[in-house]
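Worksheet for the structure shown next.
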Amino acid sequence: MVKNGWKTREEMEATERATLAPFAQKSGDSRGRKYPEPSHGYRTEFQRDRARIIHSRAFRRLEYKTQVFLNGTGDHLRTRLTHSIEVASISRTIARALALNEDLAEAIALAHDLGHTPFGHSGEEILSKCMRDHGGFEHNRQSLRVVELLENAYPDFPGLNLTFEVREGLKKYERKDGFPSLEAQIADLADEITYYSHDLDDAVDFEILNAAQLEENEVWKRSQRDVLARYSDAHEPELHKLIIRNIIDVQVQDVVATSAASIAKANPKNIDDVRKQSAKLIHYSDDLRNANTALRKFLYANVYYHPRVAEVNQRACEMLKKVFECYLADPGQLGEVATKRIEQEGLHRTVCDYIAGMTDRYLIEEYARISGSGK
């Protein structure tokens, strides 16, 4: 029963307790925020987190950050923003099917790439090299840094002051005390499902994969057989879109079924039991995991290091390195907000933060300004 014509936060929390699995992370049981804030009248804690992420400047900049193919090289190619939205969509689907907290899974998914560099993984590699002797660089840790420090939309605290559970979900490689929530595990796997399938899709659209190459891969061949069994007269360009959709369906169905069986066997009674498990409970079947390992190798061999991708990315990385070196030599170019962090964070980390936050477009413009090459 809804009182006063709207659902209060307390009513939403009660609905979670009544409808979600006992081992789901309930928003009313959150460990809270680093800086205490009063609760919202009609939004749960994880709904507030999601809104803060979506309204952040770092999230908006993802529109102009490369996924695989340099931003601006094709109107229909993925960017970090569309990738993040797709990860969030798959996360919600899996969480809903397993009676877990969709809002938490979605918030983690939307925030997981906030720390990614311009120019995709190539940009991350070169920034990591620039920071080799100064603490290194890894985009998952940078995402955490964005939400805990670098966003500055609130006067009472640095960062976005997200809940412990969302921040925990961004710590992919930093946990030493067991595993995170099932919702965090879902967002992690949904990221893989998304980039496996959509990098394939973009590579076909970009015409760097042909039919003969694709038929070398088991994941593609399985879904192609399924599609042609249903649509025997399907042809390009519709055919490969149907195959990509089938690949995603197969992956999601496998994760849901396998994880449900894994959860039933482990029989966690609550979220604390989830954290104490000896292995993740959200995972692929052995068969699909092996097939995905082969798919990952296929993508590296045929897409990520393809000359049409690698040559453009190499040029972009040279620009990134040049801008990095220029800012080190003249940190006054960073602007007032960033310059204030140098004393506490150090020069290299401050420059790294600034460049990691750039869009592809802004970095290219900065390189042109610094090098005097014009547009």
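Identifiers for the structure tokens are assigned positionally: chains receive A, B, ... in sequence, residues are indexed from 1 per chain, and ligands are indexed from 1 in the order shown.
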
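The protein and nucleic acid residues lying at most 6 Å from His139 (chain A) are Gly115, His116 and Gln142 of chain A, with only C-alpha atoms considered and sequence neighbours fewer than 3 positions away removed.
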
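The space separating CA of Tyr354 (chain A) from CA of Ala51 (chain A) comes to 23.7 Å.
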
Give me, as a tab-separated table, each residue of region 238-324 of chain A that comes within 12 Å of region 24-48 of chain A, together with its shortest interatomic pair and the distance in Å at one decimal, counting only C-alpha atoms, with rows ordered by chain and rising residue number.
residue	atom	partner	partner_atom	distance
A:Ile263	CA	A:Ala24	CA	11.2
A:Pro268	CA	A:Ala24	CA	9.8
A:Lys269	CA	A:Ala24	CA	9.5
A:Asn270	CA	A:Ala24	CA	7.1
A:Ile271	CA	A:Gln25	CA	6.1
A:Asp272	CA	A:Gln25	CA	9.5
A:Asp273	CA	A:Ala24	CA	10.6
A:Val274	CA	A:Ala24	CA	8.9
A:Arg275	CA	A:Gln25	CA	11.0

Q) Just asking: which residues within region 154-327 of chain A are helix (DSSP H, G or I) according to DSSP, as a ChimeraX atom specification? A) /A:164-169,182-205,211-214,218-230,238-266,271-275,286-304,307-327

Q: Might you pull out every residue within 8 Å of Thr117 (chain A), with only C-alpha atoms counted and same-chain residues fewer than 4 positions away left off, and present them as a PyMOL selection string?
A: chain A and resi 65+121+123-124+139+355-359

Generate a file of the selected residues that holds N, CA and C atoms, formatted as a short mmCIF file (atom, residue, chain, number, x, y, z; two decimals), in the first residue's frame.
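The resulting result-v8.cif:
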data_model
loop_
_atom_site.label_atom_id
_atom_site.label_comp_id
_atom_site.auth_asym_id
_atom_site.auth_seq_id
_atom_site.Cartn_x
_atom_site.Cartn_y
_atom_site.Cartn_z
N LYS A 65 35.08 9.25 -25.51
CA LYS A 65 36.24 8.40 -25.23
C LYS A 65 36.12 7.10 -26.02
N HIS A 121 42.22 1.17 -24.62
CA HIS A 121 43.26 0.41 -23.90
C HIS A 121 44.66 0.83 -24.32
N GLY A 123 45.55 3.90 -24.86
CA GLY A 123 45.81 5.05 -24.00
C GLY A 123 46.17 4.64 -22.59
N GLU A 124 45.49 3.60 -22.10
CA GLU A 124 45.80 3.10 -20.76
C GLU A 124 47.22 2.56 -20.69
N HIS A 139 42.93 1.50 -14.96
CA HIS A 139 41.70 2.28 -15.08
C HIS A 139 40.65 1.93 -14.04
N ILE A 355 45.08 13.96 -17.46
CA ILE A 355 45.06 13.36 -18.80
C ILE A 355 44.07 12.20 -18.87
N ALA A 356 44.00 11.39 -17.80
CA ALA A 356 43.05 10.28 -17.80
C ALA A 356 41.61 10.78 -17.95
N GLY A 357 41.35 11.97 -17.44
CA GLY A 357 40.00 12.53 -17.54
C GLY A 357 39.66 13.13 -18.89
N MET A 358 40.66 13.29 -19.76
CA MET A 358 40.43 13.94 -21.05
C MET A 358 39.61 13.06 -22.00
N THR A 359 38.86 13.71 -22.86
CA THR A 359 38.25 13.00 -23.99
C THR A 359 39.29 12.89 -25.10
#

Q | Leu110 (chain A) surroundings by only C-alpha atoms, 8 Å radius, close-in-sequence under 5 positions cut, as a PyMOL selection string | A | chain A and resi 50+53-54+84-85+87-88

Restrict the calculation to only C-alpha atoms, then for each residue of region 302-329 of chain A with any atom at most 12 Å from an atom of region 204-207 of chain A give the closest atom pair and their distance in Å to one decimal, rows by chain and rising residue number, as a tab-separated table.
residue	atom	partner	partner_atom	distance
A:Asn302	CA	A:Val204	CA	11.1
A:Val303	CA	A:Val204	CA	9.7
A:His306	CA	A:Glu207	CA	11.1
A:Arg308	CA	A:Phe206	CA	9.4
A:Val309	CA	A:Phe206	CA	10.0

Print the selection's residues with N, CA and C atoms to a file, as a short mmCIF file (atom, residue, chain, number, x, y, z; two decimals), in the first residue's frame.
data_model
loop_
_atom_site.label_atom_id
_atom_site.label_comp_id
_atom_site.auth_asym_id
_atom_site.auth_seq_id
_atom_site.Cartn_x
_atom_site.Cartn_y
_atom_site.Cartn_z
N ASN A 302 42.91 -10.55 -34.19
CA ASN A 302 42.28 -10.09 -35.42
C ASN A 302 41.69 -8.68 -35.37
N VAL A 303 41.51 -8.13 -34.16
CA VAL A 303 40.85 -6.82 -34.05
C VAL A 303 41.75 -5.81 -33.37
N HIS A 306 44.88 -5.16 -35.20
CA HIS A 306 44.74 -4.99 -36.64
C HIS A 306 45.38 -3.65 -37.04
N ARG A 308 44.56 -1.30 -39.01
CA ARG A 308 43.65 -0.14 -39.07
C ARG A 308 43.31 0.38 -37.68
N VAL A 309 43.45 -0.47 -36.69
CA VAL A 309 43.23 -0.05 -35.30
C VAL A 309 44.55 0.39 -34.68
#

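If you look at CA of Met319 (chain A) and CA of Ile370 (chain A), they are 10.0 Å away from each other.
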
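The spacing separating CA of Tyr327 (chain A) from CA of Glu366 (chain A) amounts to 10.5 Å.
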
Q: Compile the contact shell of Thr339 (chain A) as JSON, numbers by chain: residues with an atom at most 12 Å away, counting only C-alpha atoms, same-chain residues fewer than 3 positions apart removed.
A: {"A": [327, 328, 330, 331, 332, 333, 334, 335, 336, 342, 343, 344, 345, 346, 347, 348, 349, 350, 351, 353, 354]}

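Distances to Ala257 (chain A) were evaluated for A:Leu281, A:Leu20, A:Val312, A:Ala212 using only C-alpha atoms, and the minimum falls at A:Leu281.
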
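Proximity of A:Ala264, A:Ala109, A:Leu77, A:Val323 to Ala203 (chain A), computed with only C-alpha atoms, is greatest for A:Leu77.
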
Q: Considering only C-alpha atoms, return as number ranges by chain whatever protein or nucleic-acid residues lie within 12 Å of Ala261 (chain A), sequence-local ones (same chain, fewer than 6 positions apart) excluded.
A: A: 98, 254-255, 267, 281-285

Residues from last step as file, N, CA, C and O atoms, as a JSON list (two decimals), in the first residue's frame:
[["chain", "number", "residue", "atom", "x", "y", "z"],
["A", 98, "LEU", "N", 18.11, -13.27, -11.06],
["A", 98, "LEU", "CA", 18.60, -13.96, -9.87],
["A", 98, "LEU", "C", 18.05, -13.35, -8.58],
["A", 98, "LEU", "O", 18.51, -13.69, -7.48],
["A", 254, "ASP", "N", 23.53, -18.46, -20.02],
["A", 254, "ASP", "CA", 24.51, -19.33, -19.40],
["A", 254, "ASP", "C", 24.89, -18.82, -18.01],
["A", 254, "ASP", "O", 24.94, -19.60, -17.04],
["A", 255, "VAL", "N", 25.15, -17.54, -17.89],
["A", 255, "VAL", "CA", 25.53, -16.96, -16.60],
["A", 255, "VAL", "C", 24.39, -17.10, -15.59],
["A", 255, "VAL", "O", 24.62, -17.47, -14.43],
["A", 267, "ASN", "N", 24.46, -22.15, -1.03],
["A", 267, "ASN", "CA", 23.38, -21.85, -0.09],
["A", 267, "ASN", "C", 23.72, -20.73, 0.89],
["A", 267, "ASN", "O", 23.62, -20.90, 2.11],
["A", 281, "LEU", "N", 30.47, -16.71, -7.04],
["A", 281, "LEU", "CA", 29.25, -17.47, -7.33],
["A", 281, "LEU", "C", 28.62, -17.07, -8.66],
["A", 281, "LEU", "O", 27.76, -17.78, -9.17],
["A", 282, "ILE", "N", 29.03, -15.95, -9.21],
["A", 282, "ILE", "CA", 28.55, -15.51, -10.52],
["A", 282, "ILE", "C", 29.62, -15.86, -11.54],
["A", 282, "ILE", "O", 30.72, -15.31, -11.50],
["A", 283, "HIS", "N", 29.31, -16.77, -12.44],
["A", 283, "HIS", "CA", 30.32, -17.18, -13.41],
["A", 283, "HIS", "C", 29.69, -17.92, -14.59],
["A", 283, "HIS", "O", 28.51, -18.30, -14.55],
["A", 284, "TYR", "N", 30.50, -18.13, -15.63],
["A", 284, "TYR", "CA", 30.08, -18.92, -16.79],
["A", 284, "TYR", "C", 30.18, -20.41, -16.47],
["A", 284, "TYR", "O", 30.86, -20.81, -15.52],
["A", 285, "SER", "N", 29.56, -21.21, -17.32],
["A", 285, "SER", "CA", 29.82, -22.64, -17.31],
["A", 285, "SER", "C", 31.25, -22.88, -17.80],
["A", 285, "SER", "O", 31.84, -22.00, -18.46]]

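Distance annotation: of A:Leu189, A:Ala111, A:Val68, A:Leu150, the residue with the minimal separation from Val166 (chain A) is A:Ala111; atom set is only C-alpha atoms.
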
Q) A:Lys322, A:Lys297, A:Lys7, A:Lys276: which is nearest Gly178 (chain A), counting only C-alpha atoms? A) A:Lys276
